[in-house]
file final.cif (mmCIF, C-alpha atoms)
data_structure
loop_
_atom_site.label_atom_id
_atom_site.label_comp_id
_atom_site.auth_asym_id
_atom_site.auth_seq_id
_atom_site.Cartn_x
_atom_site.Cartn_y
_atom_site.Cartn_z
CA MET C 94 17.53 -27.70 47.09
CA ASN C 95 14.38 -25.83 46.22
CA GLN C 96 15.86 -22.60 47.55
CA GLY C 97 19.04 -23.16 45.53
CA LYS C 98 16.99 -23.53 42.37
CA GLU C 99 15.05 -20.34 43.08
CA LYS C 100 18.21 -18.39 43.75
CA ASN C 101 19.59 -19.71 40.54
CA PHE C 102 16.52 -18.48 38.68
CA VAL C 103 16.70 -15.06 40.31
CA THR C 104 20.36 -14.78 39.48
CA ARG C 105 19.74 -15.76 35.90
CA LEU C 106 16.86 -13.30 35.63
CA GLY C 107 19.05 -10.57 37.07
CA ILE C 108 21.83 -11.28 34.63
CA ALA C 109 19.40 -11.39 31.68
CA ILE C 110 17.76 -8.10 32.63
CA GLY C 111 21.15 -6.54 33.24
CA GLY C 112 22.23 -7.64 29.78
CA VAL C 113 19.15 -6.16 28.10
CA VAL C 114 19.44 -2.87 29.97
CA ASN C 115 23.11 -2.76 29.08
CA LYS C 116 22.23 -3.13 25.38
CA PHE C 117 19.72 -0.27 25.57
CA TYR C 118 22.26 1.84 27.39
CA SER C 119 25.03 1.20 24.91
CA ALA C 120 22.62 1.92 22.02
CA GLY C 121 21.89 5.28 23.62
CA ARG C 122 25.56 6.01 24.16
CA GLU C 123 26.45 5.18 20.55
CA THR C 124 23.63 7.42 19.32
CA ILE C 125 24.78 10.37 21.41
CA ASP C 126 28.37 9.77 20.28
CA ILE C 127 27.32 9.93 16.62
CA THR C 128 25.15 12.99 17.26
CA ILE C 129 27.95 14.92 18.92
CA LYS C 130 30.83 13.73 16.75
CA SER C 131 29.20 13.68 13.31
CA ILE C 132 25.71 15.17 13.10
CA LEU C 133 26.14 18.39 15.10
CA PRO C 134 29.47 19.45 13.52
CA PHE C 135 27.97 18.91 10.10
CA MET C 136 24.89 20.93 10.99
CA ALA C 137 27.11 23.76 12.26
CA PHE C 138 29.20 23.80 9.12
CA VAL C 139 26.30 23.56 6.68
CA SER C 140 24.13 26.13 8.46
CA MET C 141 27.05 28.57 8.41
CA ILE C 142 27.44 28.10 4.65
CA LEU C 143 23.68 28.32 4.11
CA GLY C 144 23.42 31.45 6.24
CA ILE C 145 26.17 33.22 4.33
CA ILE C 146 24.69 32.13 1.01
CA SER C 147 21.20 33.36 1.83
CA ALA C 148 22.22 36.61 3.58
CA SER C 149 24.84 37.66 1.03
CA GLY C 150 22.69 37.27 -2.06
CA ILE C 151 24.65 34.37 -3.55
CA GLY C 152 21.43 32.43 -2.99
CA ASN C 153 19.74 34.37 -5.76
CA VAL C 154 22.55 33.49 -8.15
CA ILE C 155 22.13 29.82 -7.30
CA ALA C 156 18.37 30.10 -7.68
CA ASN C 157 18.79 31.56 -11.15
CA THR C 158 21.48 29.18 -12.42
CA ILE C 159 21.21 25.78 -10.73
CA SER C 160 17.47 25.61 -10.07
CA PRO C 161 16.45 25.64 -13.76
CA ILE C 162 18.94 22.80 -14.42
CA ALA C 163 17.82 20.76 -11.42
CA SER C 164 14.13 21.10 -12.23
CA THR C 165 14.27 19.23 -15.54
CA LEU C 166 14.87 15.52 -16.15
CA LEU C 167 17.56 16.24 -18.74
CA GLY C 168 19.38 18.58 -16.36
CA MET C 169 19.40 15.94 -13.64
CA LEU C 170 20.68 13.28 -16.04
CA VAL C 171 23.54 15.63 -16.94
CA ILE C 172 24.34 16.23 -13.24
CA SER C 173 24.41 12.48 -12.51
CA PHE C 174 26.57 11.83 -15.58
CA ILE C 175 29.09 14.49 -14.54
CA CYS C 176 29.19 13.12 -10.98
CA ALA C 177 29.84 9.61 -12.38
CA ILE C 178 32.72 10.41 -14.79
CA PRO C 179 35.47 8.03 -13.59
CA PHE C 180 38.10 10.71 -12.96
CA ILE C 181 35.67 13.13 -11.29
CA SER C 182 33.70 10.73 -9.08
CA PRO C 183 36.56 9.81 -6.67
CA VAL C 184 37.23 13.54 -6.13
CA LEU C 185 33.58 14.25 -5.27
CA GLY C 186 33.24 11.21 -3.01
CA PRO C 187 35.03 11.72 0.34
CA GLY C 188 32.70 11.73 3.34
CA ALA C 189 29.77 12.49 1.02
CA VAL C 190 30.49 16.13 1.93
CA ILE C 191 29.78 17.46 -1.56
CA ALA C 192 26.58 15.43 -1.90
CA GLN C 193 25.42 16.68 1.51
CA VAL C 194 26.15 20.34 0.80
CA VAL C 195 24.55 20.17 -2.67
CA GLY C 196 21.60 18.29 -1.17
CA THR C 197 21.07 21.02 1.39
CA LEU C 198 21.33 23.76 -1.26
CA LEU C 199 18.80 21.98 -3.49
CA GLY C 200 16.58 21.45 -0.43
CA ALA C 201 16.65 25.19 0.24
CA GLN C 202 15.61 25.82 -3.38
CA ILE C 203 12.78 23.28 -3.07
CA GLY C 204 11.66 25.03 0.12
CA MET C 205 11.55 28.36 -1.71
CA GLY C 206 9.49 26.85 -4.50
CA ASN C 207 12.12 27.21 -7.22
CA ILE C 208 12.28 23.44 -7.78
CA PRO C 209 9.05 21.37 -7.72
CA PRO C 210 8.97 18.99 -4.70
CA GLN C 211 8.42 15.82 -6.74
CA TYR C 212 11.92 16.35 -8.15
CA ALA C 213 13.31 15.63 -4.68
CA LEU C 214 13.45 11.88 -5.37
CA PRO C 215 15.39 11.93 -8.68
CA ALA C 216 17.59 14.72 -7.29
CA LEU C 217 18.63 12.45 -4.41
CA PHE C 218 20.12 10.06 -6.96
CA ALA C 219 21.42 12.72 -9.37
CA ILE C 220 23.67 14.38 -6.79
CA ASN C 221 24.88 11.05 -5.46
CA ALA C 222 26.05 9.08 -8.51
CA GLN C 223 29.58 9.28 -7.08
CA VAL C 224 28.70 7.62 -3.75
CA GLY C 225 31.66 5.66 -2.39
CA ALA C 226 33.76 6.10 -5.57
CA ASP C 227 36.67 7.28 -3.40
CA PHE C 228 36.37 4.38 -1.00
CA VAL C 229 36.51 1.30 -3.27
CA PRO C 230 39.97 -0.01 -2.23
CA VAL C 231 39.27 0.45 1.49
CA GLY C 232 35.76 -0.97 1.26
CA LEU C 233 37.00 -4.01 -0.67
CA SER C 234 39.79 -4.67 1.84
CA LEU C 235 37.23 -4.49 4.67
CA GLY C 236 35.41 -7.24 2.76
CA GLU C 237 38.66 -9.25 2.74
CA ALA C 238 39.18 -9.02 -1.04
CA GLU C 239 42.49 -10.07 -2.64
CA PRO C 240 44.78 -7.29 -3.98
CA GLU C 241 44.16 -8.53 -7.57
CA THR C 242 40.41 -8.16 -7.05
CA ILE C 243 40.91 -4.59 -5.87
CA GLU C 244 43.11 -3.77 -8.88
CA LEU C 245 40.34 -4.58 -11.37
CA GLY C 246 37.45 -3.93 -8.99
CA VAL C 247 38.14 -0.19 -8.69
CA PRO C 248 37.78 0.58 -12.43
CA ALA C 249 34.85 -1.86 -12.70
CA VAL C 250 32.87 0.09 -10.07
CA LEU C 251 33.82 3.47 -11.59
CA TYR C 252 32.85 2.44 -15.15
CA SER C 253 29.62 0.90 -13.92
CA ARG C 254 28.59 4.22 -12.35
CA VAL C 255 28.64 5.97 -15.75
CA ILE C 256 25.85 3.59 -16.81
CA THR C 257 23.97 3.15 -13.55
CA GLY C 258 24.16 6.79 -12.39
CA PRO C 259 21.84 8.22 -15.06
CA ILE C 260 19.67 5.04 -15.05
CA ALA C 261 19.14 5.49 -11.30
CA VAL C 262 17.86 9.02 -11.99
CA LEU C 263 15.46 7.65 -14.62
CA ILE C 264 14.14 4.97 -12.22
CA ALA C 265 13.73 7.57 -9.47
CA TYR C 266 12.00 9.93 -11.90
CA ALA C 267 9.53 7.20 -12.85
CA ALA C 268 9.01 6.36 -9.16
CA SER C 269 8.37 10.01 -8.32
CA ILE C 270 5.17 10.07 -10.38
CA GLY C 271 2.32 10.72 -7.99
CA LEU C 272 4.63 12.01 -5.27
CA TYR C 273 3.20 15.32 -3.98
CA MET Y 222 30.72 56.02 13.04
CA GLU Y 223 27.29 55.17 11.71
CA PHE Y 224 28.91 53.52 8.73
CA ILE Y 225 30.98 51.26 10.98
CA ALA Y 226 27.92 50.39 13.04
CA GLY Y 227 26.02 49.54 9.86
CA LEU Y 228 28.89 47.37 8.72
CA ALA Y 229 28.92 45.53 12.05
CA ASN Y 230 25.18 44.96 11.84
CA GLY Y 231 25.47 43.64 8.30
CA PHE Y 232 28.27 41.36 9.42
CA MET Y 233 26.16 39.94 12.22
CA GLU Y 234 23.17 39.53 9.88
CA LEU Y 235 25.33 37.24 7.78
CA PHE Y 236 25.60 34.80 10.68
CA LYS Y 237 22.15 35.30 12.20
CA ALA Y 238 20.60 33.60 9.20
CA GLY Y 239 22.93 30.65 9.80
CA ALA Y 240 22.14 30.60 13.51
CA ASN Y 241 18.42 30.42 12.75
CA THR Y 242 18.96 27.48 10.41
CA PHE Y 243 21.12 25.76 13.02
CA SER Y 244 18.67 26.12 15.88
CA GLY Y 245 15.85 24.98 13.60
CA TRP Y 246 17.74 21.79 12.81
CA VAL Y 247 18.84 21.11 16.36
CA VAL Y 248 15.28 21.47 17.67
CA GLY Y 249 13.48 19.94 14.69
CA ILE Y 250 15.71 17.09 13.57
CA ILE Y 251 17.98 15.95 16.40
CA PRO Y 252 15.45 14.81 19.08
CA LEU Y 253 13.59 12.53 16.67
CA VAL Y 254 16.77 11.16 15.12
CA VAL Y 255 18.32 10.47 18.53
CA ILE Y 256 15.30 8.52 19.79
CA LEU Y 257 14.86 6.65 16.52
CA MET Y 258 18.53 5.73 16.35
CA THR Y 259 18.55 4.54 19.96
CA ALA Y 260 15.45 2.41 19.45
CA VAL Y 261 16.66 0.76 16.27
CA SER Y 262 20.17 0.10 17.57
CA SER Y 263 18.71 -1.49 20.72
CA VAL Y 264 16.55 -3.83 18.63
CA ILE Y 265 19.56 -4.73 16.50
CA LYS Y 266 21.70 -5.46 19.56
CA LEU Y 267 18.91 -7.63 21.01
CA ILE Y 268 18.62 -9.66 17.79
CA GLY Y 269 22.37 -10.21 17.80
CA GLU Y 270 24.90 -10.38 15.01
CA GLU Y 271 25.22 -14.19 14.98
CA ARG Y 272 21.68 -14.63 13.71
CA VAL Y 273 22.18 -12.01 11.02
CA TYR Y 274 25.37 -13.75 9.83
CA ARG Y 275 23.45 -16.97 9.25
CA VAL Y 276 20.82 -15.24 7.07
CA ALA Y 277 23.57 -13.33 5.24
CA GLN Y 278 25.37 -16.58 4.41
CA CYS Y 279 22.24 -17.92 2.69
CA ALA Y 280 21.66 -14.69 0.78
CA THR Y 281 24.99 -14.84 -1.10
CA LYS Y 282 24.07 -17.73 -3.38
CA ASN Y 283 21.46 -16.14 -5.62
CA ILE Y 284 22.18 -13.12 -7.83
CA ILE Y 285 19.01 -11.27 -6.76
CA THR Y 286 19.38 -11.71 -3.01
CA ARG Y 287 23.14 -11.11 -3.20
CA TYR Y 288 22.54 -7.52 -4.28
CA THR Y 289 19.35 -6.83 -2.34
CA ILE Y 290 18.93 -8.81 0.93
CA LEU Y 291 22.66 -9.00 1.71
CA PRO Y 292 23.47 -5.27 1.41
CA ILE Y 293 20.22 -4.32 3.15
CA LEU Y 294 21.10 -6.57 6.11
CA ALA Y 295 24.68 -5.32 6.12
CA VAL Y 296 23.70 -1.65 6.11
CA MET Y 297 20.82 -1.94 8.59
CA PHE Y 298 22.66 -4.11 11.12
CA LEU Y 299 26.24 -2.89 10.88
CA GLY Y 300 25.90 0.56 9.34
CA ASN Y 301 28.62 2.67 7.79
CA PRO Y 302 31.52 1.70 7.71
CA MET Y 303 31.28 -1.83 9.18
CA SER Y 304 28.79 -3.01 6.54
CA TYR Y 305 31.65 -3.47 4.07
CA THR Y 306 32.85 -6.42 6.13
CA PHE Y 307 29.88 -8.45 4.87
CA GLY Y 308 31.93 -8.67 1.66
CA ARG Y 309 33.70 -11.64 3.22
CA PHE Y 310 30.57 -13.77 2.81
CA VAL Y 311 30.54 -13.46 -1.00
CA ASP Y 312 32.83 -15.18 -3.53
CA GLU Y 313 35.94 -13.27 -4.57
CA LYS Y 314 34.61 -12.55 -8.08
CA TYR Y 315 31.46 -10.90 -6.73
CA LYS Y 316 33.17 -8.63 -4.20
CA PRO Y 317 33.41 -5.46 -6.33
CA ALA Y 318 29.73 -5.78 -7.26
CA PHE Y 319 28.75 -6.33 -3.63
CA TYR Y 320 30.78 -3.27 -2.63
CA ASP Y 321 28.92 -1.18 -5.20
CA ALA Y 322 25.50 -2.40 -4.04
CA ASN Y 323 26.41 -1.94 -0.39
CA VAL Y 324 27.80 1.57 -0.67
CA SER Y 325 24.93 2.72 -2.88
CA PHE Y 326 22.47 1.75 -0.17
CA LEU Y 327 24.14 3.81 2.55
CA HIS Y 328 22.09 6.91 1.72
CA PRO Y 329 18.67 5.54 0.66
CA VAL Y 330 18.51 3.80 4.05
CA THR Y 331 18.80 7.06 6.02
CA GLY Y 332 15.26 8.24 5.24
CA LEU Y 333 13.76 5.44 7.33
CA PHE Y 334 16.71 4.25 9.44
CA PRO Y 335 19.06 7.15 10.21
CA HIS Y 336 21.12 5.02 12.62
CA ALA Y 337 22.78 3.19 9.71
CA ASN Y 338 24.69 6.21 8.47
CA GLY Y 339 24.45 8.91 11.12
CA GLY Y 340 27.46 10.83 9.82
CA GLU Y 341 26.04 11.40 6.33
CA LEU Y 342 22.40 12.21 7.03
CA PHE Y 343 22.30 15.41 5.04
CA VAL Y 344 22.19 13.92 1.56
CA TYR Y 345 18.61 12.97 2.40
CA MET Y 346 17.89 15.45 5.20
CA GLY Y 347 19.08 18.45 3.19
CA ILE Y 348 16.57 17.78 0.44
CA ALA Y 349 13.92 16.56 2.88
CA ALA Y 350 14.21 19.82 4.85
CA GLY Y 351 13.11 21.70 1.72
CA VAL Y 352 10.16 19.39 1.18
CA SER Y 353 8.98 19.75 4.77
CA ALA Y 354 9.41 23.54 4.53
CA LEU Y 355 6.60 23.39 1.97
CA GLY Y 356 4.42 21.68 4.57
CA LEU Y 357 4.45 18.30 2.80
CA SER Y 358 4.87 15.04 4.71
CA LEU Y 359 8.15 13.16 4.38
CA GLY Y 360 6.92 9.59 4.82
CA ASP Y 361 6.17 9.08 1.16
CA LEU Y 362 9.55 10.43 0.08
CA ALA Y 363 11.44 8.29 2.63
CA VAL Y 364 9.65 5.08 1.61
CA ARG Y 365 10.13 5.72 -2.10
CA TYR Y 366 13.80 6.62 -1.56
CA PHE Y 367 14.26 3.29 0.24
CA LEU Y 368 12.45 1.25 -2.42
CA VAL Y 369 14.12 2.95 -5.39
CA GLY Y 370 17.39 2.43 -3.51
CA VAL Y 371 16.74 -1.35 -3.45
CA VAL Y 372 16.07 -1.38 -7.22
CA VAL Y 373 19.16 0.72 -7.91
CA ILE Y 374 21.52 -1.43 -5.81
CA LEU Y 375 20.26 -4.57 -7.57
CA LEU Y 376 20.95 -2.91 -10.92
CA ARG Y 377 24.38 -1.63 -9.81
CA GLY Y 378 25.31 -5.06 -8.45
CA ILE Y 379 24.40 -6.83 -11.69
CA VAL Y 380 26.01 -4.24 -14.00
CA THR Y 381 29.23 -4.05 -11.94
CA GLU Y 382 29.41 -7.85 -11.76
CA LYS Y 383 29.18 -8.11 -15.57
CA ILE Y 384 31.74 -5.34 -16.13
CA TYR Y 385 34.16 -6.89 -13.63
CA LEU Y 386 33.87 -10.38 -15.14
CA TYR Y 387 34.34 -8.91 -18.65
CA MET Y 388 37.46 -7.03 -17.51
CA CYS Y 389 38.88 -10.17 -15.91
CA LYS Y 390 38.33 -12.11 -19.12
CA LYS Y 391 40.03 -9.38 -21.16
CA GLU Y 392 43.02 -9.35 -18.83
CA GLY Y 393 43.17 -13.15 -18.99
CA LYS Y 394 42.71 -13.40 -15.22
CA GLU Y 395 41.52 -16.64 -13.64
CA ILE Y 396 38.18 -16.31 -11.88
#
call {"tool": "encode", "arguments": {"input": "final.cif", "output": "structure tokens"}}
result
Amino acid sequence: MNQGKEKNFVTRLGIAIGGVVNKFYSAGRETIDITIKSILPFMAFVSMILGIISASGIGNVIANTISPIASTLLGMLVISFICAIPFISPVLGPGAVIAQVVGTLLGAQIGMGNIPPQYALPALFAINAQVGADFVPVGLSLGEAEPETIELGVPAVLYSRVITGPIAVLIAYAASIGLY
Amino acid sequence: MEFIAGLANGFMELFKAGANTFSGWVVGIIPLVVILMTAVSSVIKLIGEERVYRVAQCATKNIITRYTILPILAVMFLGNPMSYTFGRFVDEKYKPAFYDANVSFLHPVTGLFPHANGGELFVYMGIAAGVSALGLSLGDLAVRYFLVGVVVILLRGIVTEKIYLYMCKKEGKEI
């Protein structure tokens, strides 16, 4: 009787520990999957672009044209507004590829000192006013929305971005005071 | 002959710069991100989705929590793209606004919790790489990005909700 109980406890302990270890293991496997399937390919692609840009001298052109725009509040408001225009935003959206490439280019300019570092925070919102604008119908269906909701929901999100895109930059600009 | 050799060298230079960037990222960014992502996903798996669902259900009722707590939970626990499925907890008329809040949080979260959107890290990391190249610490930027993100998703949720309800009224749609 007593032995049966103990065995039972050991078995339960074993199963519990096995379950926990399994969770850690599957967390690790998912992480490595994401690293190999998404992070590394993106790093390869962006570092190739960055390398060509910096070695070929296009970098200087970018430094002279984009950096002055991206280092003023007005310039960043204009960037966010352009990204949020309802017929441009869905084109810029897919996979956040454009936002990621532009982010990396701006980061390189910040690193070279052409854009002051405290502009990093508003810039993060300026280049990303279009986030998910391409994905509204799919995202809404994943949330089990009715087709009628999707029909009006898509333009509602796109119009809203025209207002909230530039406001997000203003909020981020205010929040960046005292940063660096 | 020398000209061709010079051309070949120049051609290789073009890619050496890229190779340096790549190895810098692989060594500097990946180890930390891998460990952080593994740790956070383990904690999330240990907490379990059932418990998160219960909190999420409560968060849908109030306009503030609907566009702050709910998307934060969705993004942190399910990540991109499964976080959209939390839309099923909210009423039909709030779904577009919840989508907007949810998707807008997918990048601000990556500064502190890269596991939530591992495929799109470079919106933040690209800019952050420049800041760290100047020798400045990233903690402050990551925390502010997260907090401003929360304010922005609340704003986007409320504005999109109002616009959607206005459009429904104009179209004469029942809500």
call {"tool": "residues_around", "arguments": {"input": "final.cif", "residues": "Val364 in chain Y", "least_positions_apart": "2", "cutoff": "12 Å", "atoms": "only C-alpha atoms", "output": "list in words"}}
result
Leu214, Ala268, Ser269 and Leu272 of chain C; Pro329, Val330, Thr331, Gly332, Leu333, Phe334, Tyr345, Ser358, Leu359, Gly360, Asp361, Leu362, Tyr366, Phe367, Leu368, Val369, Gly370 and Val371 of chain Y
call {"tool": "closest_residue", "arguments": {"input": "final.cif", "among": "C:Leu198, C:Ile162, C:Leu185, C:Val255", "to": "chain Y", "atoms": "all atoms listed in the file"}}
result
C:Leu198
call {"tool": "residues_around", "arguments": {"input": "final.cif", "residues": "Gly112 in chain C", "least_positions_apart": "6", "cutoff": "10 Å", "atoms": "all atoms listed in the file", "output": "PyMOL selection string"}}
result
(chain C and resi 106+118) or (chain Y and resi 267)
call {"tool": "write_last_selection", "arguments": {"input": "final.cif", "atoms": "C-alpha atoms", "output": "JSON list (two decimals), keeping the file's coordinate frame"}}
result
[["chain", "number", "residue", "atom", "x", "y", "z"],
["C", 106, "LEU", "CA", 16.86, -13.30, 35.63],
["C", 118, "TYR", "CA", 22.26, 1.84, 27.39],
["Y", 267, "LEU", "CA", 18.91, -7.63, 21.01]]
call {"tool": "resolve_selection", "arguments": {"input": "final.cif", "expression": "the PyMOL selection byres ((chain C and resi 117) around 12)", "output": "ChimeraX atom specification"}}
result
/C:110-116,118-124 /Y:256,258-267
call {"tool": "residues_near_point", "arguments": {"input": "final.cif", "point": "(33.6, 8.3, -4.4)", "cutoff": "8 Å", "atoms": "all atoms listed in the file", "output": "list in words"}}
result
Ser182, Pro183, Val184, Leu185, Gly186, Pro187, Ala189, Gln223, Val224, Gly225, Ala226, Asp227, Phe228 and Val229 of chain C
call {"tool": "atom_distance", "arguments": {"input": "final.cif", "atom1": "CA of Asn323 in chain Y", "atom2": "CA of Leu133 in chain C"}}
result
25.6 Å
call {"tool": "closest_residue", "arguments": {"input": "final.cif", "among": "C:Ile151, C:Val195, C:Ala109, C:Ala177", "to": "chain Y", "atoms": "all atoms listed in the file"}}
result
C:Val195
call {"tool": "residues_around", "arguments": {"input": "final.cif", "residues": "Ala322 in chain Y", "least_positions_apart": "2", "cutoff": "6 Å", "atoms": "all atoms listed in the file", "output": "PyMOL selection string"}}
result
chain Y and resi 288+319-320+324-325+374+377-378
call {"tool": "residues_near_point", "arguments": {"input": "final.cif", "point": "(24.9, 13.4, -11.9)", "cutoff": "7 Å", "atoms": "only C-alpha atoms", "output": "list in words"}}
result
Met169, Leu170, Val171, Ile172, Ser173, Phe174, Ile175, Cys176, Ala177, Ala219, Ile220, Asn221, Ala222, Gly258 and Pro259 of chain C
call {"tool": "resolve_selection", "arguments": {"input": "final.cif", "expression": "the PyMOL selection byres ((chain C and resi 250) around 8)", "output": "number ranges by chain"}}
result
C: 226, 229, 246-249, 251-254; Y: 317-318, 321, 381, 385
call {"tool": "resolve_selection", "arguments": {"input": "final.cif", "expression": "the PyMOL selection byres ((chain C and resi 210) around 10)", "output": "CSV table (one decimal) with C-alpha atoms, in the coordinates of the input"}}
result
chain,number,residue,atom,x,y,z
C,164,SER,CA,14.1,21.1,-12.2
C,200,GLY,CA,16.6,21.4,-0.4
C,202,GLN,CA,15.6,25.8,-3.4
C,203,ILE,CA,12.8,23.3,-3.1
C,204,GLY,CA,11.7,25.0,0.1
C,206,GLY,CA,9.5,26.8,-4.5
C,207,ASN,CA,12.1,27.2,-7.2
C,208,ILE,CA,12.3,23.4,-7.8
C,209,PRO,CA,9.0,21.4,-7.7
C,211,GLN,CA,8.4,15.8,-6.7
C,212,TYR,CA,11.9,16.4,-8.2
C,213,ALA,CA,13.3,15.6,-4.7
C,214,LEU,CA,13.4,11.9,-5.4
C,216,ALA,CA,17.6,14.7,-7.3
C,269,SER,CA,8.4,10.0,-8.3
C,272,LEU,CA,4.6,12.0,-5.3
C,273,TYR,CA,3.2,15.3,-4.0
Y,348,ILE,CA,16.6,17.8,0.4
Y,349,ALA,CA,13.9,16.6,2.9
Y,351,GLY,CA,13.1,21.7,1.7
Y,352,VAL,CA,10.2,19.4,1.2
Y,353,SER,CA,9.0,19.8,4.8
Y,355,LEU,CA,6.6,23.4,2.0
Y,357,LEU,CA,4.4,18.3,2.8
Y,362,LEU,CA,9.6,10.4,0.1
call {"tool": "closest_atom_pairs", "arguments": {"input": "final.cif", "of": "range 325-371 of chain Y", "to": "range 233-250 of chain Y", "cutoff": "12 Å", "atoms": "only C-alpha atoms", "output": "CSV"}}
result
residue,atom,partner,partner_atom,distance
Y:Pro335,CA,Y:Ile250,CA,11.0
Y:Leu342,CA,Y:Ile250,CA,10.6
Y:Phe343,CA,Y:Ile250,CA,10.9
Y:Met346,CA,Y:Ile250,CA,8.8
Y:Gly347,CA,Y:Trp246,CA,10.3
Y:Ala349,CA,Y:Ile250,CA,10.9
Y:Ala350,CA,Y:Trp246,CA,8.9
Y:Gly351,CA,Y:Thr242,CA,12.0
Y:Ser353,CA,Y:Gly249,CA,10.9
Y:Ala354,CA,Y:Gly245,CA,11.2
call {"tool": "closest_residue", "arguments": {"input": "final.cif", "among": "Y:Lys390, Y:Lys282, Y:Arg275, Y:Lys316", "to": "chain C", "atoms": "only C-alpha atoms"}}
result
Y:Lys316
call {"tool": "closest_residue", "arguments": {"input": "final.cif", "among": "C:Ala137, C:Ile132, C:Leu166, C:Ile178", "to": "Ala265 in chain C", "atoms": "only C-alpha atoms"}}
result
C:Leu166
call {"tool": "atom_distance", "arguments": {"input": "final.cif", "atom1": "CA of Ala226 in chain Y", "atom2": "CA of Phe138 in chain C"}}
result
26.9 Å
